[in-house]
file input-v8.txt (compact mmCIF, C-alpha atoms)
# COMPACT_ATOMS: atom_id res chain seq x y z
CA MET A 1 -70.18 45.33 -21.02
CA ASN A 2 -68.54 48.71 -20.52
CA TRP A 3 -65.19 49.05 -22.28
CA ASP A 4 -62.53 51.70 -21.65
CA LEU A 5 -58.76 52.06 -21.85
CA ASP A 6 -58.21 51.16 -18.18
CA LYS A 7 -60.04 47.86 -18.67
CA ILE A 8 -57.89 46.96 -21.70
CA ARG A 9 -54.69 47.82 -19.85
CA LYS A 10 -55.75 45.74 -16.85
CA MET A 11 -56.42 42.74 -19.13
CA ILE A 12 -52.87 43.06 -20.44
CA VAL A 13 -51.34 43.40 -16.98
CA ASP A 14 -53.41 40.48 -15.63
CA LYS A 15 -52.52 38.36 -18.68
CA ILE A 16 -56.14 37.48 -19.47
CA GLU A 17 -55.82 34.60 -21.91
CA GLU A 18 -57.78 34.19 -25.11
CA ASN A 19 -60.64 31.71 -24.88
CA LEU A 20 -63.80 30.62 -26.65
CA ASN A 21 -65.30 34.09 -26.09
CA LEU A 22 -62.24 36.34 -26.39
CA ASP A 23 -59.69 37.03 -29.13
CA TYR A 24 -56.89 39.60 -29.50
CA LYS A 25 -55.94 40.98 -32.91
CA ALA A 26 -53.00 43.25 -33.79
CA ALA A 27 -53.59 46.44 -35.77
CA ALA A 28 -52.42 44.76 -38.98
CA SER A 29 -55.49 42.49 -38.84
CA LEU A 30 -57.56 45.45 -40.00
CA HIS A 31 -56.50 46.17 -43.57
CA ARG A 32 -58.34 46.99 -46.77
CA SER A 33 -56.89 44.05 -48.71
CA ASP A 34 -59.23 41.28 -49.82
CA THR A 35 -57.30 38.72 -47.76
CA LYS A 36 -57.79 40.69 -44.54
CA THR A 37 -61.48 41.49 -45.11
CA LYS A 38 -62.12 37.78 -45.66
CA GLU A 39 -60.34 37.05 -42.38
CA ILE A 40 -62.47 39.63 -40.52
CA ALA A 41 -65.69 38.05 -41.83
CA LYS A 42 -64.38 34.59 -40.97
CA ASP A 43 -63.52 35.51 -37.36
CA VAL A 44 -66.69 37.47 -36.61
CA SER A 45 -69.01 34.82 -38.11
CA ALA A 46 -67.17 32.12 -36.11
CA PHE A 47 -68.04 33.90 -32.84
CA ALA A 48 -71.68 34.29 -33.83
CA ASN A 49 -71.90 30.61 -34.85
CA SER A 50 -70.34 29.52 -31.55
CA ASP A 51 -71.15 31.18 -28.23
CA GLY A 52 -70.64 34.83 -29.08
CA GLY A 53 -67.84 36.86 -27.56
CA THR A 54 -65.42 39.73 -28.07
CA ILE A 55 -62.67 40.50 -30.58
CA ILE A 56 -60.27 43.26 -29.51
CA TYR A 57 -58.54 44.83 -32.51
CA GLY A 58 -55.46 46.77 -31.44
CA VAL A 59 -53.90 44.41 -28.90
CA MET A 60 -51.04 42.15 -30.01
CA GLU A 61 -50.37 38.69 -28.64
CA ASP A 62 -47.16 37.71 -26.91
CA PRO A 63 -45.09 35.87 -29.58
CA GLU A 64 -43.48 33.64 -26.96
CA LYS A 65 -46.57 32.99 -24.81
CA ARG A 66 -49.30 32.49 -27.38
CA HIS A 67 -52.86 33.59 -26.64
CA LEU A 68 -51.71 36.06 -23.95
CA PRO A 69 -51.88 39.82 -24.59
CA LYS A 70 -48.55 41.62 -24.76
CA ALA A 71 -49.18 45.29 -25.57
CA ILE A 72 -51.49 47.80 -27.18
CA ASP A 73 -50.98 48.08 -30.95
CA PRO A 74 -52.75 51.32 -32.02
CA ILE A 75 -55.00 51.55 -35.08
CA ASP A 76 -55.12 54.71 -37.20
CA ARG A 77 -58.73 55.89 -37.11
CA MET A 78 -58.25 57.92 -40.31
CA GLU A 79 -57.18 54.77 -42.18
CA ILE A 80 -59.56 52.28 -40.53
CA SER A 81 -62.78 53.86 -39.25
CA LYS A 82 -65.51 52.31 -37.17
CA GLU A 83 -67.89 52.75 -40.11
CA TRP A 84 -65.54 50.90 -42.47
CA LEU A 85 -65.20 47.99 -40.01
CA GLU A 86 -68.96 47.80 -39.55
CA GLN A 87 -69.48 47.82 -43.32
CA ILE A 88 -66.95 44.99 -43.82
CA ILE A 89 -68.62 42.88 -41.14
CA GLN A 90 -72.17 43.39 -42.34
CA GLY A 91 -71.35 43.35 -46.03
CA ASN A 92 -69.41 40.10 -46.03
CA ILE A 93 -71.45 37.85 -43.73
CA ARG A 94 -74.76 36.26 -44.69
CA PRO A 95 -77.25 36.54 -43.18
CA ARG A 96 -76.34 39.78 -41.41
CA ILE A 97 -75.56 39.48 -37.69
CA HIS A 98 -77.85 41.68 -35.61
CA ASP A 99 -76.85 43.51 -32.42
CA ILE A 100 -73.11 43.63 -33.06
CA LEU A 101 -71.53 46.49 -31.07
CA ILE A 102 -68.26 48.20 -32.02
CA HIS A 103 -66.65 50.24 -29.22
CA PRO A 104 -63.91 52.67 -30.34
CA ILE A 105 -61.48 53.35 -27.47
CA THR A 106 -59.36 56.45 -28.05
CA LEU A 107 -55.65 56.27 -27.19
CA ASP A 108 -54.39 59.58 -28.57
CA GLU A 109 -56.86 62.11 -29.98
CA GLY A 110 -54.13 64.06 -31.81
CA LEU A 111 -52.72 61.00 -33.57
CA ASN A 112 -56.16 59.44 -34.17
CA GLN A 113 -55.07 56.27 -32.40
CA VAL A 114 -57.81 53.85 -31.32
CA ILE A 115 -58.64 50.30 -30.30
CA TYR A 116 -61.80 48.67 -31.65
CA VAL A 117 -63.65 46.28 -29.33
CA VAL A 118 -66.23 44.22 -31.22
CA ASP A 119 -68.93 42.52 -29.12
CA ILE A 120 -70.61 39.70 -31.07
CA PRO A 121 -73.82 38.01 -29.83
CA ARG A 122 -74.46 34.28 -30.05
CA SER A 123 -76.76 33.87 -33.01
CA ASN A 124 -79.83 31.70 -33.46
CA THR A 125 -78.86 30.79 -37.02
CA ALA A 126 -75.70 29.91 -38.95
CA HIS A 127 -73.75 32.69 -40.70
CA GLN A 128 -71.69 32.28 -43.85
CA ALA A 129 -68.42 34.19 -44.31
CA LYS A 130 -67.23 35.92 -47.47
CA ASP A 131 -65.60 32.73 -48.79
CA ARG A 132 -68.99 30.95 -48.62
CA LYS A 133 -67.90 28.77 -45.71
CA TYR A 134 -69.27 28.44 -42.18
CA TYR A 135 -66.86 28.80 -39.27
CA LYS A 136 -66.83 28.11 -35.52
CA ARG A 137 -64.50 28.91 -32.62
CA PHE A 138 -62.29 25.96 -31.70
CA ASN A 139 -59.04 25.98 -29.67
CA PHE A 140 -58.66 29.78 -29.98
CA ASN A 141 -59.05 29.61 -33.77
CA SER A 142 -61.76 29.91 -36.43
CA GLU A 143 -62.30 26.55 -38.11
CA ALA A 144 -64.67 25.34 -40.81
CA MET A 145 -67.83 23.64 -39.55
CA TYR A 146 -69.10 20.19 -40.44
CA ASP A 147 -72.57 19.80 -41.93
CA TYR A 148 -74.10 18.48 -38.67
CA GLU A 149 -72.66 21.44 -36.76
CA ILE A 150 -74.27 23.89 -39.19
CA ARG A 151 -77.60 22.07 -38.79
CA ASP A 152 -77.30 22.22 -34.99
CA VAL A 153 -76.70 25.98 -35.08
CA MET A 154 -79.67 26.54 -37.41
CA ASN A 155 -81.87 24.60 -34.99
CA ARG A 156 -81.05 26.92 -32.07
CA SER A 157 -84.19 28.96 -32.73
CA LYS A 158 -86.27 25.85 -31.96
CA ASP A 159 -85.03 25.63 -28.36
CA ALA A 160 -85.16 27.92 -25.36
CA ARG A 161 -81.86 29.60 -24.50
CA ILE A 162 -81.65 29.72 -20.71
CA GLU A 163 -78.70 31.29 -18.91
CA LEU A 164 -78.08 32.19 -15.28
CA GLU A 165 -77.52 35.66 -13.92
CA PHE A 166 -76.57 36.61 -10.37
CA GLU A 167 -77.07 39.45 -7.88
CA ILE A 168 -75.52 39.91 -4.46
CA ILE A 169 -77.94 41.55 -2.02
CA THR A 170 -76.66 43.23 1.14
CA LYS A 171 -78.73 44.63 3.99
CA LYS A 172 -77.83 46.13 7.37
CA VAL A 173 -79.93 44.70 10.18
CA GLU A 174 -79.90 45.54 13.86
CA VAL A 175 -78.37 42.91 16.11
CA MET A 176 -80.72 41.81 18.89
CA ARG A 177 -79.44 43.05 22.26
CA ALA A 178 -78.56 40.59 24.97
CA LYS A 179 -80.26 40.83 28.35
CA PRO A 180 -79.04 44.08 30.03
CA SER A 181 -76.43 43.74 32.76
CA ILE A 182 -74.22 46.14 34.68
CA ILE A 183 -71.17 44.96 32.74
CA ASN A 184 -72.85 45.12 29.35
CA PRO A 185 -70.60 47.40 27.20
CA MET A 186 -73.65 48.43 25.21
CA VAL A 187 -75.13 50.27 28.22
CA ILE A 188 -74.74 54.06 28.20
CA MET A 189 -75.81 56.51 30.91
CA GLY A 190 -77.87 59.30 29.36
CA ASP A 191 -78.01 62.92 30.55
CA SER A 192 -81.03 62.11 32.68
CA GLY A 193 -79.26 59.19 34.33
CA GLU A 194 -81.36 56.64 32.44
CA LYS A 195 -79.76 53.62 30.88
CA THR A 196 -79.82 53.47 27.10
CA TYR A 197 -78.29 51.03 24.65
CA LYS A 198 -76.14 51.55 21.58
CA LYS A 199 -77.51 50.01 18.41
CA ARG A 200 -75.34 47.40 16.74
CA TYR A 201 -75.69 46.33 13.13
CA LYS A 202 -74.45 43.52 10.95
CA THR A 203 -74.52 43.11 7.19
CA VAL A 204 -76.59 40.23 5.83
CA VAL A 205 -75.49 38.97 2.42
CA ALA A 206 -77.39 36.77 -0.03
CA LEU A 207 -76.87 35.57 -3.59
CA LYS A 208 -79.88 35.62 -5.90
CA VAL A 209 -79.79 33.17 -8.81
CA TRP A 210 -81.94 34.15 -11.79
CA ALA A 211 -82.76 32.13 -14.90
CA VAL A 212 -83.23 34.29 -17.98
CA ASN A 213 -84.63 33.09 -21.29
CA GLN A 214 -82.56 34.81 -23.98
CA GLY A 215 -84.10 32.79 -26.80
CA LYS A 216 -87.35 33.07 -28.70
CA VAL A 217 -88.97 29.85 -27.47
CA LEU A 218 -90.77 29.05 -24.21
CA GLY A 219 -88.62 27.14 -21.70
CA HIS A 220 -90.68 24.35 -20.10
CA TYR A 221 -88.42 22.14 -17.97
CA LEU A 222 -85.31 23.57 -16.37
CA ASN A 223 -82.59 22.06 -14.17
CA ALA A 224 -79.61 24.12 -13.02
CA HIS A 225 -76.48 23.30 -11.03
CA VAL A 226 -74.43 26.03 -9.33
CA GLU A 227 -71.05 25.60 -7.61
CA ILE A 228 -69.87 28.12 -5.00
CA PRO A 229 -66.72 28.02 -2.84
CA TYR A 230 -68.01 26.57 0.44
CA LYS A 231 -66.16 29.06 2.65
CA TYR A 232 -68.44 31.88 1.46
CA LEU A 233 -71.69 30.26 2.63
CA LYS A 234 -73.43 31.81 5.61
CA LYS A 235 -73.26 28.55 7.53
CA ASN A 236 -69.97 26.87 6.73
CA GLU A 237 -68.85 25.35 10.02
CA GLY A 238 -68.13 21.69 10.59
CA LYS A 239 -67.33 20.67 7.02
CA THR A 240 -64.07 20.53 5.12
CA ILE A 241 -65.44 20.50 1.56
CA GLU A 242 -64.17 23.15 -0.84
CA ILE A 243 -67.14 23.49 -3.19
CA ALA A 244 -70.83 23.72 -2.30
CA LYS A 245 -73.17 22.39 -5.00
CA PHE A 246 -76.74 23.60 -5.38
CA PHE A 247 -79.50 22.09 -7.51
CA MET A 248 -82.46 24.19 -8.60
CA ASP A 249 -85.32 24.02 -11.06
CA ASN A 250 -88.35 25.99 -12.19
CA THR A 251 -90.95 24.17 -10.12
CA ILE A 252 -93.46 26.01 -7.96
CA ARG A 253 -96.31 25.01 -5.65
CA ASP A 254 -99.63 26.85 -5.73
CA VAL A 255 -101.60 27.78 -2.60
CA VAL A 256 -104.79 25.67 -2.75
CA ASP A 257 -106.28 26.37 0.68
CA VAL A 258 -105.84 28.32 3.91
CA GLU A 259 -106.45 26.78 7.34
CA PHE A 260 -106.82 28.80 10.54
CA VAL A 261 -105.25 27.20 13.60
CA PRO A 262 -105.49 28.38 17.25
CA SER A 263 -102.56 30.37 18.62
CA PHE A 264 -101.72 32.75 21.48
CA THR A 265 -102.90 35.67 19.34
CA GLY A 266 -106.19 34.04 18.44
CA SER A 267 -105.60 32.13 15.24
CA ASP A 268 -102.95 31.95 12.54
CA ALA A 269 -103.50 31.39 8.84
CA VAL A 270 -101.59 28.36 7.54
CA GLU A 271 -101.34 27.99 3.79
CA LYS A 272 -101.75 24.59 2.15
CA PHE A 273 -99.86 23.91 -1.06
CA GLY A 274 -100.68 21.71 -3.99
CA PRO A 275 -98.24 19.41 -5.82
CA SER A 276 -95.17 20.85 -7.54
CA ARG A 277 -95.51 21.95 -11.15
CA TYR A 278 -93.11 23.46 -13.66
CA ASP A 279 -93.43 27.20 -14.27
CA PRO A 280 -92.43 27.87 -17.92
CA ILE A 281 -90.10 30.80 -18.65
CA LEU A 282 -91.25 33.12 -21.41
CA PRO A 283 -88.74 34.61 -23.87
CA THR A 284 -86.87 37.63 -22.40
CA ARG A 285 -88.31 36.89 -18.94
CA TYR A 286 -86.51 36.22 -15.62
CA LEU A 287 -87.30 33.65 -12.95
CA LEU A 288 -85.79 33.66 -9.46
CA LEU A 289 -84.50 30.12 -8.84
CA LYS A 290 -82.86 30.40 -5.44
CA LYS A 291 -81.60 32.75 -2.73
CA ILE A 292 -78.44 31.57 -1.00
CA GLY A 293 -77.14 33.04 2.26
CA LEU A 294 -73.47 34.11 2.19
CA ASN A 295 -71.03 35.67 4.61
CA ASN A 296 -69.32 39.07 4.35
CA THR A 297 -66.00 37.70 3.06
CA VAL A 298 -67.59 37.06 -0.33
CA LEU A 299 -67.57 40.82 -1.00
CA GLU A 300 -63.75 40.74 -1.24
CA SER A 301 -63.50 37.54 -3.27
CA THR A 302 -62.06 37.14 -6.77
CA GLU A 303 -63.03 33.46 -7.08
CA ASN A 304 -65.59 32.10 -9.53
CA ILE A 305 -69.08 30.67 -9.44
CA ARG A 306 -69.62 27.91 -12.00
CA TRP A 307 -72.98 26.87 -13.43
CA VAL A 308 -74.64 24.58 -15.95
CA VAL A 309 -78.24 24.67 -17.20
CA TYR A 310 -80.35 21.97 -18.85
CA CYS A 311 -83.61 22.98 -20.52
CA ASP A 312 -85.93 20.86 -22.64
CA ASN A 313 -84.11 19.48 -25.72
CA ALA A 314 -81.54 22.27 -25.92
CA GLU A 315 -77.85 21.57 -25.48
CA PRO A 316 -76.61 22.23 -21.92
CA ARG A 317 -75.31 25.74 -21.38
CA GLU A 318 -72.56 26.41 -18.88
CA GLY A 319 -70.48 29.31 -17.71
CA SER A 320 -68.68 30.95 -14.83
CA VAL A 321 -68.63 34.40 -13.28
CA ARG A 322 -66.21 36.07 -10.89
CA LEU A 323 -67.80 36.96 -7.58
CA ALA A 324 -66.11 40.36 -7.81
CA ASP A 325 -67.96 41.04 -11.10
CA ILE A 326 -71.45 40.33 -9.74
CA LYS A 327 -73.59 43.42 -9.20
CA VAL A 328 -74.05 44.27 -5.50
CA ILE A 329 -77.38 45.79 -4.48
CA GLU A 330 -77.68 47.47 -1.07
CA GLN A 331 -81.18 47.21 0.33
CA GLU A 332 -82.62 49.70 2.81

call {"tool": "encode", "arguments": {"input": "input-v8.txt", "output": "C-alpha cells"}}
result
Amino acid sequence: MNWDLDKIRKMIVDKIEENLNLDYKAAASLHRSDTKTKEIAKDVSAFANSDGGTIIYGVMEDPEKRHLPKAIDPIDRMEISKEWLEQIIQGNIRPRIHDILIHPITLDEGLNQVIYVVDIPRSNTAHQAKDRKYYKRFNFNSEAMYDYEIRDVMNRSKDARIELEFEIITKKVEVMRAKPSIINPMVIMGDSGEKTYKKRYKTVVALKVWAVNQGKVLGHYLNAHVEIPYKYLKKNEGKTIEIAKFFMDNTIRDVVDVEFVPSFTGSDAVEKFGPSRYDPILPTRYLLLKKIGLNNTVLESTENIRWVVYCDNAEPREGSVRLADIKVIEQE
C-alpha cells in the first residue's frame, strides 16, 4: 500500500476506526526505555501472529472516542530514527519477522518531524516478543495467546493461504445502430449528400475475481463466496434484494472432443467437455474464478464487497474491499 501525508490526514478526517488490522500509536509509544521497547515488540508480534496489518506511530487516539484517530502527533526523527525502530523490532522478536516495511512520512523537514507507518505481514509461524510471551490481536489490543492458539499459528505453513483479489475492467464498445429512418437522430448528411451515421459508444464494466495462493502449500479444493450490492449488477431489474451472493470454486472442464455440425457457413466446431475436476492453485499463483457483469454506477461507489474463502483444511479466510479501492483497468 502507498502511504503519504494526505492519506493519513484523510484517515483522521474520515474517522477510520482501529480494527484487527489497524492500530494508532502516539509519539510517546516510541521511546528508548525498556518498557516501551517491550511494548513495541509485543504489538508488532501480535499483528504477525494474527492477520497482519498496520501500526501508525505518530497519530494519537481521541481520548473521548476510543479507537478513533484525533490528530497527528509528530515524532522527532533525530531522536527516533527508522533504523532504530527496525532494530528494536527485529532484535526483540523471535524468530525474526520477514518482509516488514517501515514507511517514514515527513511532516516538517526543518524540524525533523515524521510519522512511521509499519506494515506487518501475516506470518506462517508464531513469533515470541521480548518478554518471552506470544501475543495476538484481540478487541483492538495485544493479548497473550493460549497454547492451542500458538499451535494453530505454527501449523499455518501446512495449509494453503488463499485470498481473493479483484479488478474492475472497463471497455468502450460501439452500440449497434437501429434500422435507419428519416427521423433517426443518428443520420447525418455528408458533403456529398450521402447519409452517414454517428457512432455511439457505451462502457461495459465487469468485475474479475481472482484467487491467489499467498502460502507455501498447494491449494487443492477451493470454495469462495462473494457478496456484492445488487444494484451494481449489470442486470438488476425485477428484484428487490439488496445483496447479490455468488458462489465459485476452482473446478474446470477439459475439452475431450470436437464435433463438426452443419451450419449456414458449412460446418461449425462444437467442443465437448469432460467432467468437472479441481484445478489446484500453486503457491504465489493466481486463478480467475469468475467474471461478473456490472453497470457504470459501480465506478462511483464507496460501498464494500465482502468475501469468504474455504480451502482444504485451512481455517476460512474472509475480508472486504471498498469498490472505490479496486484497481480499474481500461481495455482497448

call {"tool": "residues_near_point", "arguments": {"input": "input-v8.txt", "point": "(-70.3, 29.5, 3.1)", "cutoff": "10 Å", "atoms": "all atoms listed in the file", "output": "PyMOL selection string"}}
result
chain A and resi 228-237+242-244+292-298

call {"tool": "write_last_selection", "arguments": {"input": "input-v8.txt", "atoms": "C-alpha atoms", "output": "PDB file, keeping the file's coordinate frame"}}
result
ATOM      1  CA  ILE A 228     -69.870  28.120  -5.000  1.00  0.00           C
ATOM      2  CA  PRO A 229     -66.720  28.020  -2.840  1.00  0.00           C
ATOM      3  CA  TYR A 230     -68.010  26.570   0.440  1.00  0.00           C
ATOM      4  CA  LYS A 231     -66.160  29.060   2.650  1.00  0.00           C
ATOM      5  CA  TYR A 232     -68.440  31.880   1.460  1.00  0.00           C
ATOM      6  CA  LEU A 233     -71.690  30.260   2.630  1.00  0.00           C
ATOM      7  CA  LYS A 234     -73.430  31.810   5.610  1.00  0.00           C
ATOM      8  CA  LYS A 235     -73.260  28.550   7.530  1.00  0.00           C
ATOM      9  CA  ASN A 236     -69.970  26.870   6.730  1.00  0.00           C
ATOM     10  CA  GLU A 237     -68.850  25.350  10.020  1.00  0.00           C
ATOM     11  CA  GLU A 242     -64.170  23.150  -0.840  1.00  0.00           C
ATOM     12  CA  ILE A 243     -67.140  23.490  -3.190  1.00  0.00           C
ATOM     13  CA  ALA A 244     -70.830  23.720  -2.300  1.00  0.00           C
ATOM     14  CA  ILE A 292     -78.440  31.570  -1.000  1.00  0.00           C
ATOM     15  CA  GLY A 293     -77.140  33.040   2.260  1.00  0.00           C
ATOM     16  CA  LEU A 294     -73.470  34.110   2.190  1.00  0.00           C
ATOM     17  CA  ASN A 295     -71.030  35.670   4.610  1.00  0.00           C
ATOM     18  CA  ASN A 296     -69.320  39.070   4.350  1.00  0.00           C
ATOM     19  CA  THR A 297     -66.000  37.700   3.060  1.00  0.00           C
ATOM     20  CA  VAL A 298     -67.590  37.060  -0.330  1.00  0.00           C
TER      21      VAL A 298
END

call {"tool": "residues_around", "arguments": {"input": "input-v8.txt", "residues": "Glu163 in chain A", "least_positions_apart": "4", "cutoff": "8 Å", "atoms": "only C-alpha atoms", "output": "PyMOL selection string"}}
result
chain A and resi 211-214+309+317-318

call {"tool": "closest_residue", "arguments": {"input": "input-v8.txt", "among": "A:Tyr116, A:Asn92, A:Leu111, A:Lys36", "to": "Ile55 in chain A", "atoms": "only C-alpha atoms"}}
result
A:Tyr116

call {"tool": "atom_distance", "arguments": {"input": "input-v8.txt", "atom1": "CA of Trp84 in chain A", "atom2": "CA of His98 in chain A"}}
result
16.8 Å

call {"tool": "build_atoms", "arguments": {"input": "input-v8.txt", "residues": "range 39-61 of chain A", "atoms": "N, CA and C atoms", "output": "CSV table (one decimal), keeping the file's coordinate frame"}}
result
chain,number,residue,atom,x,y,z
A,39,GLU,N,-60.7,37.5,-43.7
A,39,GLU,CA,-60.3,37.0,-42.4
A,39,GLU,C,-61.2,37.7,-41.3
A,40,ILE,N,-61.6,39.0,-41.5
A,40,ILE,CA,-62.5,39.6,-40.5
A,40,ILE,C,-63.8,38.9,-40.5
A,41,ALA,N,-64.4,38.7,-41.7
A,41,ALA,CA,-65.7,38.0,-41.8
A,41,ALA,C,-65.6,36.6,-41.2
A,42,LYS,N,-64.6,36.0,-41.5
A,42,LYS,CA,-64.4,34.6,-41.0
A,42,LYS,C,-64.4,34.6,-39.4
A,43,ASP,N,-63.6,35.5,-38.8
A,43,ASP,CA,-63.5,35.5,-37.4
A,43,ASP,C,-64.8,35.9,-36.7
A,44,VAL,N,-65.5,37.0,-37.2
A,44,VAL,CA,-66.7,37.5,-36.6
A,44,VAL,C,-67.8,36.4,-36.7
A,45,SER,N,-68.0,35.8,-37.9
A,45,SER,CA,-69.0,34.8,-38.1
A,45,SER,C,-68.8,33.6,-37.2
A,46,ALA,N,-67.5,33.3,-37.0
A,46,ALA,CA,-67.2,32.1,-36.1
A,46,ALA,C,-67.7,32.3,-34.7
A,47,PHE,N,-67.5,33.6,-34.2
A,47,PHE,CA,-68.0,33.9,-32.8
A,47,PHE,C,-69.6,33.8,-32.8
A,48,ALA,N,-70.2,34.3,-33.8
A,48,ALA,CA,-71.7,34.3,-33.8
A,48,ALA,C,-72.2,32.9,-33.9
A,49,ASN,N,-71.5,32.0,-34.7
A,49,ASN,CA,-71.9,30.6,-34.8
A,49,ASN,C,-71.6,29.8,-33.6
A,50,SER,N,-70.7,30.3,-32.8
A,50,SER,CA,-70.3,29.5,-31.6
A,50,SER,C,-71.1,30.1,-30.4
A,51,ASP,N,-70.5,30.7,-29.4
A,51,ASP,CA,-71.2,31.2,-28.2
A,51,ASP,C,-71.1,32.7,-28.1
A,52,GLY,N,-70.8,33.4,-29.2
A,52,GLY,CA,-70.6,34.8,-29.1
A,52,GLY,C,-69.3,35.2,-28.4
A,53,GLY,N,-69.1,36.5,-28.3
A,53,GLY,CA,-67.8,36.9,-27.6
A,53,GLY,C,-67.3,38.2,-28.0
A,54,THR,N,-66.0,38.4,-27.8
A,54,THR,CA,-65.4,39.7,-28.1
A,54,THR,C,-64.1,39.6,-28.8
A,55,ILE,N,-63.9,40.4,-29.9
A,55,ILE,CA,-62.7,40.5,-30.6
A,55,ILE,C,-62.1,41.9,-30.3
A,56,ILE,N,-60.9,42.0,-29.8
A,56,ILE,CA,-60.3,43.3,-29.5
A,56,ILE,C,-59.2,43.5,-30.6
A,57,TYR,N,-59.5,44.4,-31.5
A,57,TYR,CA,-58.5,44.8,-32.5
A,57,TYR,C,-57.7,46.0,-32.0
A,58,GLY,N,-56.4,45.7,-31.9
A,58,GLY,CA,-55.5,46.8,-31.4
A,58,GLY,C,-54.7,46.3,-30.2
A,59,VAL,N,-54.7,45.0,-30.0
A,59,VAL,CA,-53.9,44.4,-28.9
A,59,VAL,C,-53.2,43.2,-29.5
A,60,MET,N,-51.8,43.2,-29.4
A,60,MET,CA,-51.0,42.2,-30.0
A,60,MET,C,-50.8,41.1,-29.0
A,61,GLU,N,-50.7,39.8,-29.5
A,61,GLU,CA,-50.4,38.7,-28.6
A,61,GLU,C,-48.9,38.6,-28.4
